[in-house]
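Asker: protein_5.txt is reproduced below (compact mmCIF, C-alpha atoms).
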```txt
# COMPACT_ATOMS: atom_id res chain seq x y z
CA MET A 1 20.89 65.67 -23.49
CA ARG A 2 19.47 69.11 -22.88
CA ARG A 3 21.46 71.35 -20.54
CA SER A 4 19.39 73.68 -18.39
CA VAL A 5 20.16 76.59 -16.13
CA SER A 6 19.98 76.10 -12.40
CA PRO A 7 16.40 75.89 -11.12
CA SER A 8 15.33 79.23 -9.70
CA MET A 9 11.51 79.36 -9.77
CA ARG A 10 9.29 78.88 -6.75
CA ILE A 11 6.10 76.93 -7.45
CA GLY A 12 4.03 80.12 -7.52
CA GLU A 13 6.10 81.51 -10.36
CA LEU A 14 5.92 78.23 -12.26
CA ALA A 15 2.14 78.29 -11.82
CA ALA A 16 1.96 81.85 -13.14
CA ARG A 17 4.14 81.05 -16.16
CA THR A 18 2.22 77.93 -17.19
CA GLY A 19 -1.32 78.79 -16.10
CA VAL A 20 -1.51 75.65 -13.95
CA SER A 21 -2.43 76.07 -10.31
CA THR A 22 0.05 75.16 -7.58
CA HIS A 23 -2.42 72.51 -6.41
CA VAL A 24 -2.30 70.70 -9.76
CA LEU A 25 1.46 71.12 -10.09
CA ARG A 26 1.99 69.46 -6.72
CA ALA A 27 -0.37 66.64 -7.74
CA TRP A 28 1.52 66.06 -11.00
CA GLU A 29 4.81 66.09 -9.11
CA SER A 30 3.76 63.64 -6.41
CA ARG A 31 1.66 61.27 -8.51
CA TYR A 32 3.50 61.16 -11.80
CA GLY A 33 7.01 62.40 -10.99
CA LEU A 34 6.63 65.05 -13.69
CA LEU A 35 8.64 67.73 -11.87
CA SER A 36 12.13 67.45 -10.39
CA PRO A 37 12.69 70.42 -8.08
CA SER A 38 15.88 71.11 -6.21
CA ARG A 39 16.09 72.65 -2.76
CA SER A 40 17.22 76.16 -1.95
CA PRO A 41 19.50 76.75 1.07
CA GLY A 42 16.35 77.80 2.90
CA GLY A 43 14.60 74.55 2.07
CA TYR A 44 12.26 75.82 -0.67
CA ARG A 45 11.53 73.78 -3.78
CA LEU A 46 12.99 75.41 -6.86
CA TYR A 47 11.88 74.56 -10.39
CA GLY A 48 13.72 75.03 -13.67
CA ALA A 49 13.19 75.35 -17.40
CA ASP A 50 12.89 71.57 -17.84
CA ASP A 51 10.04 71.49 -15.33
CA GLU A 52 8.26 74.28 -17.19
CA ARG A 53 8.77 72.48 -20.51
CA ARG A 54 7.30 69.24 -19.16
CA VAL A 55 4.25 71.04 -17.82
CA ARG A 56 3.65 72.77 -21.15
CA GLU A 57 4.01 69.48 -23.02
CA VAL A 58 1.50 67.81 -20.71
CA LEU A 59 -0.93 70.68 -21.30
CA GLY A 60 -0.47 70.29 -25.05
CA LEU A 61 -1.33 66.59 -24.82
CA ARG A 62 -4.26 67.32 -22.51
CA ASP A 63 -5.66 69.65 -25.18
CA GLN A 64 -5.57 66.67 -27.55
CA GLY A 65 -7.72 64.64 -25.16
CA VAL A 66 -4.92 62.64 -23.48
CA SER A 67 -5.38 61.98 -19.76
CA ALA A 68 -2.99 63.71 -17.38
CA MET A 69 -1.48 60.42 -16.26
CA GLU A 70 -0.91 59.26 -19.83
CA ALA A 71 0.40 62.68 -20.89
CA ALA A 72 2.93 62.71 -18.06
CA ARG A 73 4.00 59.19 -18.95
CA GLN A 74 4.54 60.13 -22.59
CA VAL A 75 6.56 63.22 -21.71
CA LEU A 76 8.80 61.31 -19.30
CA ALA A 77 9.17 58.40 -21.71
CA ALA A 78 10.31 60.73 -24.49
CA GLU A 79 12.82 62.28 -22.12
CA ARG A 80 14.22 58.91 -21.06
CA ALA A 81 14.51 57.88 -24.71
CA GLY A 82 16.51 61.01 -25.44
CA ALA A 83 13.87 62.55 -27.65
CA GLY A 84 13.76 65.74 -25.64
CA SER A 85 10.66 67.85 -26.16
CA LEU A 86 7.65 66.20 -27.73
CA ASP A 87 7.35 69.33 -29.87
CA GLU A 88 10.70 68.69 -31.53
CA PRO A 89 10.30 66.86 -34.87
CA VAL A 90 11.92 63.47 -35.04
CA GLY A 91 13.24 62.33 -38.37
CA VAL A 92 12.60 58.89 -39.78
CA ASP A 93 16.25 57.97 -39.51
CA ASP A 94 16.38 59.14 -35.90
CA GLU A 95 13.30 57.13 -35.04
CA ARG A 96 14.64 54.04 -36.78
CA GLY A 97 17.98 54.44 -35.07
CA ARG A 98 16.41 54.64 -31.64
CA SER A 99 14.24 51.61 -32.31
CA GLU A 100 17.16 49.56 -33.54
CA THR A 101 19.55 50.55 -30.79
CA SER A 102 17.15 50.43 -27.87
CA GLY A 103 15.12 47.44 -29.06
CA LEU A 104 12.21 48.69 -26.95
CA ARG A 105 9.53 48.78 -29.64
CA ALA A 106 9.33 45.03 -29.61
CA ASP A 107 7.03 42.08 -29.05
CA PRO A 108 6.07 41.01 -25.51
CA PRO A 109 8.62 38.18 -25.09
CA LEU A 110 11.46 40.59 -25.84
CA LEU A 111 10.02 43.20 -23.49
CA VAL A 112 9.86 40.53 -20.77
CA THR A 113 13.52 39.68 -21.38
CA GLN A 114 14.56 43.33 -21.38
CA LEU A 115 12.65 43.99 -18.17
CA LEU A 116 14.19 40.95 -16.50
CA ASP A 117 17.67 42.09 -17.54
CA ALA A 118 17.04 45.56 -16.13
CA VAL A 119 15.71 44.18 -12.86
CA THR A 120 18.59 41.73 -12.53
CA ALA A 121 20.98 44.68 -12.84
CA LEU A 122 18.80 46.82 -10.52
CA ASP A 123 18.73 49.38 -13.33
CA GLU A 124 15.66 51.47 -12.51
CA ASP A 125 15.95 53.89 -15.42
CA ARG A 126 16.18 51.07 -17.96
CA ALA A 127 13.33 49.18 -16.28
CA HIS A 128 11.10 52.26 -16.43
CA ALA A 129 11.97 52.70 -20.10
CA VAL A 130 10.81 49.14 -20.82
CA LEU A 131 7.61 49.70 -18.84
CA ASP A 132 7.06 52.98 -20.68
CA THR A 133 7.25 51.11 -23.97
CA ALA A 134 4.94 48.34 -22.76
CA PHE A 135 2.24 50.72 -21.59
CA LEU A 136 2.59 53.27 -24.39
CA ASP A 137 2.75 50.89 -27.33
CA ARG A 138 0.17 48.42 -26.04
CA SER A 139 -3.16 48.57 -24.27
CA VAL A 140 -3.09 48.40 -20.48
CA GLU A 141 -4.65 44.94 -20.72
CA SER A 142 -1.94 43.72 -23.09
CA ALA A 143 0.85 45.31 -21.03
CA ILE A 144 -0.39 43.47 -17.96
CA VAL A 145 -1.33 40.12 -19.50
CA ASP A 146 1.40 39.82 -22.14
CA VAL A 147 4.30 41.53 -20.34
CA LEU A 148 3.88 41.86 -16.58
CA VAL A 149 2.38 38.45 -15.82
CA PRO A 150 5.00 36.50 -17.87
CA PHE A 151 7.68 38.73 -16.37
CA PHE A 152 6.78 37.76 -12.81
CA VAL A 153 6.62 34.11 -13.82
CA LYS A 154 10.21 34.53 -15.04
CA VAL A 155 11.19 36.33 -11.83
CA GLY A 156 9.86 33.40 -9.81
CA GLU A 157 11.71 30.88 -11.95
CA GLN A 158 14.97 32.81 -11.74
CA TRP A 159 14.65 33.12 -7.97
CA GLU A 160 14.01 29.37 -7.58
CA LEU A 161 17.13 28.68 -9.68
CA GLY A 162 19.18 31.03 -7.52
CA ARG A 163 19.96 33.36 -10.43
CA ILE A 164 18.44 36.41 -8.75
CA GLY A 165 18.08 37.27 -5.09
CA ILE A 166 15.54 38.77 -2.74
CA ALA A 167 16.82 42.24 -3.65
CA GLN A 168 15.85 41.80 -7.30
CA GLU A 169 12.49 40.28 -6.41
CA HIS A 170 11.62 43.16 -4.09
CA PHE A 171 12.95 45.68 -6.63
CA ALA A 172 10.69 44.21 -9.34
CA SER A 173 7.64 44.25 -7.10
CA SER A 174 8.24 47.82 -5.99
CA LEU A 175 8.82 48.99 -9.55
CA VAL A 176 5.63 47.46 -10.92
CA ARG A 177 3.55 48.32 -7.85
CA ARG A 178 4.29 52.02 -8.41
CA ARG A 179 3.29 51.73 -12.06
CA LEU A 180 0.04 49.91 -11.29
CA GLY A 181 -0.74 52.27 -8.43
CA ALA A 182 -1.31 55.10 -10.89
CA LEU A 183 -3.99 52.96 -12.56
CA SER A 184 -5.89 52.32 -9.35
CA MET A 185 -6.78 55.85 -8.29
CA THR A 186 -10.43 55.63 -9.38
CA TRP A 187 -11.22 52.19 -7.97
CA GLY A 188 -13.88 53.66 -5.70
CA LEU A 189 -15.81 55.58 -8.35
CA GLY A 190 -18.90 54.59 -10.28
CA THR A 191 -21.81 52.25 -9.66
CA GLY A 192 -20.36 48.97 -10.90
CA PRO A 193 -20.05 45.72 -8.94
CA VAL A 194 -17.82 45.58 -5.88
CA ALA A 195 -14.90 43.18 -5.44
CA VAL A 196 -12.80 42.61 -2.32
CA LEU A 197 -9.29 41.39 -3.18
CA ALA A 198 -6.83 39.94 -0.66
CA CYS A 199 -4.12 37.41 0.00
CA PRO A 200 -4.50 35.13 3.05
CA PRO A 201 -2.15 35.21 6.05
CA GLY A 202 1.42 34.37 5.13
CA GLU A 203 1.01 35.20 1.43
CA PHE A 204 3.02 38.30 0.58
CA HIS A 205 3.16 38.02 -3.22
CA ASP A 206 0.23 40.10 -4.42
CA ILE A 207 1.39 41.72 -7.67
CA ILE A 208 -0.70 39.43 -9.89
CA LEU A 209 -3.72 40.09 -7.68
CA LEU A 210 -3.03 43.83 -7.93
CA SER A 211 -2.80 43.48 -11.71
CA PHE A 212 -6.14 41.69 -11.71
CA GLY A 213 -7.60 44.54 -9.69
CA VAL A 214 -6.47 46.98 -12.38
CA LEU A 215 -8.17 44.90 -15.08
CA LEU A 216 -11.36 44.66 -13.02
CA GLY A 217 -11.30 48.40 -12.41
CA ARG A 218 -10.97 49.09 -16.11
CA SER A 219 -14.08 46.97 -16.66
CA GLY A 220 -16.13 49.11 -14.30
CA TRP A 221 -15.71 47.24 -11.02
CA ARG A 222 -15.22 49.08 -7.75
CA ILE A 223 -12.26 47.55 -5.94
CA ARG A 224 -11.62 47.18 -2.23
CA TYR A 225 -8.01 46.06 -2.19
CA LEU A 226 -6.74 44.63 1.11
CA GLY A 227 -3.46 43.31 -0.27
CA PRO A 228 -1.02 40.73 1.12
CA ASP A 229 -1.06 38.86 4.44
CA THR A 230 -4.66 39.72 5.33
CA PRO A 231 -6.07 38.12 8.50
CA ILE A 232 -9.15 36.08 7.65
CA ALA A 233 -11.18 37.75 10.40
CA SER A 234 -10.39 41.15 8.88
CA LEU A 235 -11.22 39.92 5.39
CA SER A 236 -14.53 38.51 6.62
CA SER A 237 -15.39 41.79 8.33
CA ALA A 238 -14.60 43.72 5.14
CA ALA A 239 -16.87 41.40 3.17
CA ASP A 240 -19.71 41.81 5.67
CA LEU A 241 -19.29 45.59 5.54
CA THR A 242 -19.13 46.00 1.76
CA ARG A 243 -21.48 43.15 0.70
CA PRO A 244 -19.33 42.55 -2.39
CA ASP A 245 -20.26 40.87 -5.64
CA ALA A 246 -17.03 38.90 -5.39
CA VAL A 247 -14.35 38.13 -2.81
CA VAL A 248 -11.14 37.11 -4.57
CA ILE A 249 -8.43 35.45 -2.47
CA ALA A 250 -5.11 34.51 -4.06
CA SER A 251 -2.24 32.37 -2.84
CA ARG A 252 0.58 30.27 -4.24
CA ARG A 253 0.32 27.59 -1.53
CA PRO A 254 -2.61 25.29 -0.70
CA SER A 255 -1.68 25.48 2.99
CA SER A 256 -2.52 29.19 3.02
CA PHE A 257 -6.10 28.25 2.20
CA ARG A 258 -6.42 24.95 4.07
CA GLY A 259 -5.11 26.44 7.30
CA HIS A 260 -8.17 28.68 7.38
CA ALA A 261 -10.65 26.37 5.66
CA LYS A 262 -13.33 26.59 8.36
CA SER A 263 -13.38 30.41 8.38
CA LEU A 264 -13.20 30.62 4.60
CA ARG A 265 -16.08 28.15 4.23
CA ALA A 266 -18.16 30.28 6.60
CA MET A 267 -17.36 33.31 4.47
CA ALA A 268 -18.25 31.46 1.27
CA GLU A 269 -21.67 30.64 2.72
CA LYS A 270 -22.42 34.37 2.97
CA HIS A 271 -20.52 35.84 0.03
CA PRO A 272 -19.38 34.73 -3.45
CA VAL A 273 -15.80 33.66 -2.74
CA TRP A 274 -13.38 32.96 -5.57
CA LEU A 275 -9.93 31.42 -5.07
CA ALA A 276 -6.98 32.04 -7.39
CA GLY A 277 -3.32 31.18 -7.67
CA ARG A 278 -1.32 27.97 -7.68
CA GLY A 279 -2.60 27.10 -4.22
CA THR A 280 -6.10 26.57 -5.57
CA THR A 281 -6.28 22.78 -5.82
CA PRO A 282 -9.47 20.71 -6.24
CA ARG A 283 -9.16 19.62 -2.63
CA VAL A 284 -8.94 23.24 -1.44
CA LEU A 285 -11.98 24.23 -3.49
CA ASP A 286 -13.95 21.29 -2.10
CA GLU A 287 -12.99 21.99 1.52
CA ILE A 288 -13.86 25.67 1.30
CA GLY A 289 -16.81 25.50 -1.07
CA ALA A 290 -15.44 28.35 -3.18
CA GLN A 291 -15.27 28.93 -6.90
CA HIS A 292 -12.11 28.91 -8.99
CA LEU A 293 -10.43 31.59 -11.11
CA GLY A 294 -7.82 30.34 -13.57
CA PRO A 295 -4.62 31.94 -14.86
CA ASP A 296 -6.30 33.86 -17.71
CA LEU A 297 -6.90 37.26 -16.09
CA VAL A 298 -8.95 38.70 -18.95
CA ALA A 299 -11.24 35.66 -18.99
CA ASP A 300 -11.52 35.88 -15.21
CA VAL A 301 -12.81 39.45 -15.47
CA ALA A 302 -15.54 38.26 -17.84
CA ILE A 303 -16.38 35.33 -15.56
CA LEU A 304 -16.73 37.52 -12.46
CA THR A 305 -18.76 40.12 -14.33
CA GLU A 306 -21.23 37.57 -15.67
CA ALA A 307 -21.48 35.86 -12.28
CA ALA A 308 -22.18 39.20 -10.58
CA ARG A 309 -24.83 40.02 -13.15
CA GLU A 310 -26.52 36.64 -12.73
CA ARG A 311 -26.43 36.89 -8.95
CA ARG A 312 -28.03 40.34 -8.94
CA ARG A 313 -30.57 39.33 -11.54
CA ALA A 314 -31.57 36.35 -9.39
CA ARG A 315 -32.37 38.62 -6.47
CA GLY A 316 -34.05 41.25 -8.65
CA ASP A 317 -31.25 43.80 -8.38
CA GLU A 318 -30.12 44.47 -11.93
CA LEU A 319 -26.43 45.35 -12.32
CA PRO A 320 -25.55 48.42 -14.42
CA ALA A 321 -23.42 47.55 -17.43
CA PRO A 322 -19.76 48.21 -16.53
CA THR A 323 -18.04 50.95 -18.52
CA PRO A 324 -14.66 49.81 -19.92
CA GLY A 325 -11.78 52.11 -19.13
CA ASP A 326 -13.51 53.90 -16.22
CA ASP A 327 -10.13 54.32 -14.55
CA GLU A 328 -9.05 56.66 -17.33
CA VAL A 329 -12.01 59.03 -17.03
CA THR A 330 -10.23 61.07 -14.36
CA THR A 331 -6.63 60.72 -13.36
CA ASP A 332 -6.00 63.79 -11.21
CA ALA A 333 -8.26 62.68 -8.39
CA ASP A 334 -7.73 64.84 -5.32
CA ALA A 335 -8.55 63.81 -1.79
CA ALA A 336 -11.46 66.25 -1.88
CA SER A 337 -12.54 65.99 -5.51
CA ALA A 338 -11.75 63.60 -8.35
CA ASP A 339 -12.17 66.21 -11.05
CA ALA A 340 -10.97 69.44 -9.48
CA ALA A 341 -7.23 68.89 -9.82
CA ASP A 342 -7.30 67.97 -13.47
CA SER A 343 -9.53 70.83 -14.56
CA GLU A 344 -8.26 73.55 -12.27
CA TYR A 345 -5.48 74.70 -14.57
CA ARG A 346 -8.19 76.06 -16.88
CA SER A 347 -9.53 78.45 -14.26
```
Give the structure from the file, written as C-alpha cells.
Answerer:
Amino acid sequence: MRRSVSPSMRIGELAARTGVSTHVLRAWESRYGLLSPSRSPGGYRLYGADDERRVREVLGLRDQGVSAMEAARQVLAAERAGAGSLDEPVGVDDERGRSETSGLRADPPLLVTQLLDAVTALDEDRAHAVLDTAFLDRSVESAIVDVLVPFFVKVGEQWELGRIGIAQEHFASSLVRRRLGALSMTWGLGTGPVAVLACPPGEFHDIILLSFGVLLGRSGWRIRYLGPDTPIASLSSAADLTRPDAVVIASRRPSSFRGHAKSLRAMAEKHPVWLAGRGTTPRVLDEIGAQHLGPDLVADVAILTEAARERRRARGDELPAPTPGDDEVTTDADAASADAADSEYRS
C-alpha cells in the first residue's frame, strides 16, 4: 500500500499541476469517486499526491481512447486490487498471484457467489472489487445479464430463506444502483426510440428494470425512467407527454397489475404497453391487453426495437437505426453541456 504525505493542495493547484480544469475535477470526484480530498480546519477541500496520480492515470487512459468513466473505473480497480499505479509494470508472477488469491478473474457463477458473500458481510470494498472485475473483464451486457441478474435472483432466494435480511437486500440494491447510475447519464441523448420505464404502485424492486434501461440505452433508446412505486395516473401522463415507442411496466406480483387493470388497459389502447416480471401472468396480459417481455433482457431489447421500427414504419415515420453503445460516447455530461466537461481539460 502506497503511503502518501498529508493532502495539502487546493483544487486550483491540482488543476494547474495536471492541466485539468477545476470543473472537470469536481465532475470526476462527484461522479466517479476518483478523488478523495480531506478537509482543512477552515473547511476547504485538500488534495494529495494520490489524487494527482489518479488524475494523471485517467488522462493517460483518455489519450488511448478510453472513456472518462471507464478510465476512472480502471484506475480505482487497480488501486483496490493493490496494483498501485497503472504505469507500474506488473510481473507475470504478480498477476498470477493476484488472480489465484483474489479469485476475481473468474466465470460469472463464481462472481455471483463472491458478490453475494460480500453483500452478506456488508463488505462494500470487496463488493466493489467484484463489480470492478465483472464490468472490466466482460462487456456491460454480459456483466448485467450473466452477473447482476443472477445475483439478484440469489439475493431474493436468500431473503426468502431467511439467510439474509433487509439490510443486505437494501445494501445490494444501493451498491448496484450506484454502478448502473454511471451508465445512464446519456439516456436523453440521440434520436432513437423512446421508452418509459416504471414499476406500478407498491412495487419497490426496480433494479432489474434499471438494468434493462441500461441495455436499452446502449442500443440507442432514449429512456424516461420513472422508477419504483409509480402512480398509474402519473405514468399515464408521462406516456401522453412523451408519446413513447414503448411503455415498460415491471412487477413481481400479479396484484400490482390487476389492481390497476382498468387504467392500464386505457393506457394500452393509446400506447404500446409491455409488462415484465413474475407478475405478468396470462390472465394479467388478457385483462390489460398488453404485450409480454420475458426474462431474457437482451432478447427483450431486440423485441422492443423491432416492434418500434414496425410501428413507425406502419405510420410512415421511419425509425433511425439505433447506435450500439451510445451511452459510452460521452461520459462527462455536465448539466449545461454533455461534451464540455470531458474535453475541457485540453483547453
Asker: Which is closest to Ser255 (chain A) among A:Pro200, A:Gly289, A:Pro108, A:Gly220, if we use all atoms listed in the file?
Answerer: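 Counting all atoms listed in the file, the residue closest to Ser255 (chain A) is A:Pro200.
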Asker: Nearest residue to Ser211 (chain A) out of A:Gln64, A:Thr230, A:Ser184, A:Ser236, using only C-alpha atoms?
Answerer: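 Smallest distance to Ser211 (chain A) is found for A:Ser184.
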Asker: Pick out the closest residue to Ile223 (chain A) from this set: A:Leu136, A:Ile207, A:Ala198, A:Leu275. Count all atoms listed in the file.
Answerer: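 Checking each of A:Leu136, A:Ile207, A:Ala198, A:Leu275 against Ile223 (chain A), counting all atoms listed in the file, the winner is A:Ala198.
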Asker: So that I can see what lies close to Pro228 (chain A), please list as a list in words the residues with an atom at most 10 Å from it, counting all atoms listed in the file and leaving out residues fewer than 5 positions away in the same chain.
Answerer: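 That gives Leu197, Ala198, Cys199, Pro200, Pro201, Gly202, Glu203, Phe204, His205, Asp206, Ile207, Leu209, Leu210, Ile249, Ala250 and Ser251 of chain A.
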Asker: From the options A:Glu70, A:Glu157, A:Asp245, A:Asp50, which residue's atoms come nearest to Ala307 (chain A), counting all atoms listed in the file?
Answerer: A:Asp245
Asker: Which polymer residues, protein or nucleic acid, are no farther than 12 Å from (-12.3, 45.3, -12.4), counting all atoms listed in the file, as a PyMOL selection string?
Answerer: chain A and resi 141+183-184+186-190+192-197+209-225+245-246+248+297-305+308+322-327
Asker: CA of Ile144 (chain A) and CA of Ile208 (chain A), how far apart in Å?
Answerer: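 Distance reported for this atom pair: 9.0 Å.
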Asker: For each of A:Ala239, A:Ala81, A:Leu293, A:Val145, take the minimum atom-to-atom distance to Met267 (chain A), counting all atoms listed in the file, then give the residue where this is smallest.
Answerer: A:Ala239
Asker: Go through A:Pro150, A:Pro7, A:Pro109, A:Gly227 and flag the residue nearest Pro295 (chain A), using only C-alpha atoms for the distances.
Answerer: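 So, comparing all the options, the nearest one is A:Pro150.
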Asker: Do you have the CA of Ile288 (chain A)-CA of Arg311 (chain A) distance handy?
Answerer: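 These two atoms are separated by 19.7 Å.
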Asker: At what distance in Å, to one decimal, does CA of Gly12 (chain A) lie from CA of Ser38 (chain A)?
Answerer: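 If I compute the distance from CA of Ser38 (chain A) to CA of Gly12 (chain A), I get 14.9 Å.
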Asker: Please put the answer as JSON: centre and edge lengths, in Å with one decimal, of a box along x, y and z that encloses all listed atoms of region 34-40 of chain A plus 8 Å on each side.
Answerer:
```
{"center_x": 11.9, "center_y": 70.6, "center_z": -7.8, "size_x": 26.6, "size_y": 27.1, "size_z": 27.7}
```
Asker: Any idea what's packed within 7 Å of Thr281 (chain A), counting only C-alpha atoms, ignoring anything in its chain fewer than 3 positions away? Could you give it as an mmCIF file with C-alpha atoms, in the frame of the given file?
Answerer:
```
data_model
loop_
_atom_site.group_PDB
_atom_site.id
_atom_site.type_symbol
_atom_site.label_atom_id
_atom_site.label_comp_id
_atom_site.auth_asym_id
_atom_site.auth_seq_id
_atom_site.Cartn_x
_atom_site.Cartn_y
_atom_site.Cartn_z
ATOM 1 C CA PRO A 254 -2.610 25.290 -0.700
ATOM 2 C CA VAL A 284 -8.940 23.240 -1.440
ATOM 3 C CA LEU A 285 -11.980 24.230 -3.490
#
```
Asker: Taking (-1.6, 27.4, -5.9) in the file's coordinates, which residues come within 8 Å, counting all atoms listed in the file, written as an MDAnalysis selection string?
Answerer: chainID A and resid 251:254 276:281
